[in-house]
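> One structure, as structure tokens, below. Some questions next.
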Amino acid sequence: MSETPLTKDDFTTRDEPVRLFGDWLADAQESEPNDPTAVALATVDQDGLPDVRMVLLKGFDRDGFVFYTNFESAKGVELLGSMKAAMCFHWKSLRRQVRLRGPVEIVSDAEADAYFASRPRGSRIGAWASKQSRPLESRFALEKSVAEYTARHAVGTIPRPPHWSGFRLKPQTIEFWHDRPFRLHDRVVFTADGKGGWNKTRLYP
């Protein structure tokens with residue numbers, strides 16, 4: 001049986017968060033002017049100091065939410081150190097927000113290889129040329145590195161760097177937020193029940 005079409009007011013009746021997220025993302029892909037898959041990714045360093053930056057979501061399903069990075073970057077090091085993260089999607093055109101928190105796991109080599117091969121050639125070169133998050137003496141030094149790796153991989157396939165892969169955030173909580181007048185917003189949080197299902201709670205704004 002098909003579900004009732006989503007409107008801005010009826011999401012609080014939904015009981016399955018991953019499918020609801022998919023509906024909201026589809027809406028964002030029609031209304032957002034740029035990068036509807038952009039998401040703020042929060043991590044902590046070894047001292048417990050929070051850090052946050054924007055990344056692009058590259059896939060999601062019941063197993064989790066996937067993004068890719070250089071493992072030697074600041075976020076890569078922080079993720080490998082704690083194996084936990086949080087995400088926040090904000091779609092301003094829709095006045096909607098989705099927050100996720102939970103442990104992360106490294107995606108399989110096959111999954112990472114397949115995604116890396118799908119990237120534009122220039123992006124694959126960049127993954128080799130950029131020492132992400134580390135000090136850069138000049139723009140020329142980066143361009144020189146790009147030129148060197150472009151020459152090295154002038155023909156044939158470009159293999160995935162060993163320090164480049166993906167993480168899958170496996171949410172323990174997923175919260176949906178929708179703007180309402182006078183800041184009396186609608187908020188619903190889904191909490192994993194440990195048995196493959198979800199418990200739903202409506203929150204005060």
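Letters A, B, ... mark the chains of the structure tokens in the order given; residue numbers begin at 1 per chain; ligand numbers begin at 1, in order shown.
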Mind checking which residues fall within 9 Å of region 96-107 of chain A, counting only C-alpha atoms, ignoring those fewer than 3 positions away in the same chain, and posting them as a PyMOL selection string?

chain A and resi 21+24+64+66+79-80+82-93+110-112+165-179+189

> Which residues come within 10 Å of Ala151 (chain A), counting only C-alpha atoms, excluding same-chain residues fewer than 5 positions away, as a list in words?

Ile125, Ser145 and Val146 of chain A

> Using the selection just defined, write its residues with N, CA and C atoms as a compact mmCIF listing (two decimals), in the first residue's frame.


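Final file, selection_28.txt:
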```txt
# COMPACT_ATOMS: atom_id res chain seq x y z
N ILE A 125 42.57 12.87 -9.59
CA ILE A 125 43.94 13.41 -9.52
C ILE A 125 44.09 14.22 -8.23
N SER A 145 51.88 19.91 -7.71
CA SER A 145 51.54 18.55 -7.32
C SER A 145 50.49 17.97 -8.25
N VAL A 146 49.49 18.78 -8.62
CA VAL A 146 48.46 18.32 -9.55
C VAL A 146 49.09 17.96 -10.90
```

> With only C-alpha atoms as the atoms that count, which of A:Leu20, A:Ala141, A:Ser133, A:Gly194 lies nearest to Asp61 (chain A)?

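Comparing A:Leu20, A:Ala141, A:Ser133, A:Gly194 against Asp61 (chain A), the winner is A:Leu20.
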
> Tell me which protein, DNA and RNA residues are within 12 Å of Glu16 (chain A), counting only C-alpha atoms, leaving out same-chain ones fewer than 5 positions away, and put them as a list of chain:residue names.

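Result of the neighbour search: A:Glu3, A:Phe11, A:Phe21, A:Gly22, A:Asp23, A:Asp61, A:Arg62, A:Ile174, A:Glu175, A:Phe176, A:Val188, A:Val189, A:Phe190, A:Thr191, A:Ala192, A:Gly196, A:Gly197, A:Trp198, A:Asn199, A:Lys200.
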
> Between CA of His185 (chain A) and CA of Pro36 (chain A), measure the distance and give it in Å to one decimal.

21.7 Å

> Rounded to one decimal in Å, what is the spacing between CA of Ala114 (chain A) and CA of Pro161 (chain A)?

12.9 Å

> List every residue of region 32-204 of chain A that DSSP, applied to the backbone of this structure, places in helix (DSSP H, G or I), and write the result as an MDAnalysis selection string.

chainID A and resid 74:82 109:118 121:129 139:152 181:183

> Go ahead and save the picked residues with N, CA and C atoms, as a compact mmCIF listing (two decimals), in the first residue's frame.


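Final file, selection_38.txt:
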```
# COMPACT_ATOMS: atom_id res chain seq x y z
N ALA A 74 41.96 16.46 8.63
CA ALA A 74 41.55 16.69 10.02
C ALA A 74 40.32 15.85 10.35
N LYS A 75 39.32 15.86 9.47
CA LYS A 75 38.11 15.09 9.79
C LYS A 75 38.36 13.60 9.75
N GLY A 76 39.25 13.16 8.82
CA GLY A 76 39.57 11.75 8.76
C GLY A 76 40.25 11.27 10.04
N VAL A 77 41.21 12.05 10.51
CA VAL A 77 41.90 11.70 11.75
C VAL A 77 40.94 11.69 12.93
N GLU A 78 40.07 12.69 13.00
CA GLU A 78 39.13 12.78 14.11
C GLU A 78 38.11 11.64 14.07
N LEU A 79 37.65 11.30 12.89
CA LEU A 79 36.70 10.19 12.76
C LEU A 79 37.34 8.87 13.15
N LEU A 80 38.55 8.64 12.69
CA LEU A 80 39.24 7.40 13.02
C LEU A 80 39.57 7.33 14.51
N GLY A 81 39.73 8.50 15.14
CA GLY A 81 40.04 8.53 16.56
C GLY A 81 38.86 8.21 17.46
N SER A 82 37.66 8.64 17.04
CA SER A 82 36.48 8.44 17.90
C SER A 82 35.48 7.44 17.33
N ASP A 109 36.18 -1.78 0.76
CA ASP A 109 37.06 -1.37 -0.33
C ASP A 109 36.32 -1.37 -1.66
N ALA A 110 35.47 -2.33 -1.86
CA ALA A 110 34.72 -2.41 -3.13
C ALA A 110 33.81 -1.20 -3.29
N GLU A 111 33.16 -0.79 -2.21
CA GLU A 111 32.27 0.36 -2.27
C GLU A 111 33.07 1.64 -2.54
N ALA A 112 34.20 1.79 -1.85
CA ALA A 112 35.04 2.97 -2.04
C ALA A 112 35.62 3.01 -3.45
N ASP A 113 36.06 1.86 -3.95
CA ASP A 113 36.63 1.80 -5.30
C ASP A 113 35.58 2.19 -6.35
N ALA A 114 34.37 1.70 -6.17
CA ALA A 114 33.31 1.99 -7.14
C ALA A 114 32.99 3.48 -7.15
N TYR A 115 32.89 4.08 -5.97
CA TYR A 115 32.59 5.51 -5.95
C TYR A 115 33.76 6.32 -6.50
N PHE A 116 35.00 5.97 -6.11
CA PHE A 116 36.15 6.72 -6.60
C PHE A 116 36.22 6.68 -8.12
N ALA A 117 35.94 5.54 -8.71
CA ALA A 117 35.98 5.40 -10.16
C ALA A 117 34.91 6.25 -10.85
N SER A 118 33.84 6.58 -10.13
CA SER A 118 32.76 7.38 -10.72
C SER A 118 33.05 8.88 -10.70
N ARG A 121 37.76 12.77 -13.57
CA ARG A 121 39.20 12.47 -13.57
C ARG A 121 39.99 13.50 -12.76
N GLY A 122 39.62 14.76 -12.89
CA GLY A 122 40.32 15.81 -12.15
C GLY A 122 40.18 15.65 -10.64
N SER A 123 39.03 15.18 -10.19
CA SER A 123 38.82 14.95 -8.76
C SER A 123 39.66 13.77 -8.28
N ARG A 124 39.82 12.76 -9.13
CA ARG A 124 40.66 11.62 -8.75
C ARG A 124 42.13 12.02 -8.67
N ILE A 125 42.57 12.87 -9.59
CA ILE A 125 43.94 13.41 -9.52
C ILE A 125 44.09 14.22 -8.23
N GLY A 126 43.10 15.04 -7.93
CA GLY A 126 43.16 15.88 -6.74
C GLY A 126 43.28 15.08 -5.46
N ALA A 127 42.67 13.91 -5.42
CA ALA A 127 42.74 13.08 -4.22
C ALA A 127 44.18 12.63 -3.96
N TRP A 128 44.96 12.46 -5.02
CA TRP A 128 46.39 12.12 -4.87
C TRP A 128 47.22 13.36 -4.58
N ALA A 129 46.89 14.48 -5.23
CA ALA A 129 47.76 15.67 -5.17
C ALA A 129 47.61 16.47 -3.89
N ARG A 139 49.87 28.45 -3.60
CA ARG A 139 49.00 27.86 -4.60
C ARG A 139 49.82 27.15 -5.67
N PHE A 140 50.99 27.71 -5.97
CA PHE A 140 51.85 27.09 -6.99
C PHE A 140 52.24 25.67 -6.58
N ALA A 141 52.51 25.46 -5.29
CA ALA A 141 52.90 24.12 -4.82
C ALA A 141 51.79 23.11 -5.07
N LEU A 142 50.54 23.53 -4.86
CA LEU A 142 49.41 22.64 -5.14
C LEU A 142 49.29 22.36 -6.63
N GLU A 143 49.41 23.40 -7.45
CA GLU A 143 49.31 23.22 -8.89
C GLU A 143 50.44 22.34 -9.42
N LYS A 144 51.62 22.47 -8.83
CA LYS A 144 52.74 21.62 -9.21
C LYS A 144 52.45 20.16 -8.89
N SER A 145 51.88 19.91 -7.71
CA SER A 145 51.54 18.55 -7.32
C SER A 145 50.49 17.97 -8.25
N VAL A 146 49.49 18.78 -8.62
CA VAL A 146 48.46 18.32 -9.55
C VAL A 146 49.09 17.96 -10.90
N ALA A 147 50.01 18.80 -11.36
CA ALA A 147 50.66 18.53 -12.65
C ALA A 147 51.47 17.24 -12.59
N GLU A 148 52.15 17.00 -11.47
CA GLU A 148 52.96 15.80 -11.33
C GLU A 148 52.09 14.54 -11.37
N TYR A 149 50.97 14.57 -10.65
CA TYR A 149 50.12 13.38 -10.63
C TYR A 149 49.34 13.23 -11.94
N THR A 150 49.07 14.34 -12.62
CA THR A 150 48.42 14.26 -13.93
C THR A 150 49.35 13.56 -14.91
N ALA A 151 50.64 13.90 -14.86
CA ALA A 151 51.62 13.25 -15.75
C ALA A 151 51.80 11.78 -15.37
N ARG A 152 51.79 11.49 -14.08
CA ARG A 152 51.99 10.12 -13.61
C ARG A 152 50.84 9.22 -14.05
N PRO A 181 5.22 29.01 12.52
CA PRO A 181 5.14 30.41 12.98
C PRO A 181 5.41 30.55 14.48
N PHE A 182 5.97 31.69 14.82
CA PHE A 182 6.23 32.06 16.22
C PHE A 182 7.20 31.10 16.90
N ARG A 183 8.03 30.45 16.09
CA ARG A 183 9.05 29.50 16.58
C ARG A 183 8.43 28.30 17.31
```

> Excluding Met54 (chain A) and any residue of its chain fewer than 6 positions from it, enumerate the residues within 6 Å of it, using only C-alpha atoms, and give them as an MDAnalysis selection string.

chainID A and resid 39:41

> May I ask for the distance between CA of Thr201 (chain A) and CA of Arg19 (chain A), given in Å to one decimal place?

17.0 Å
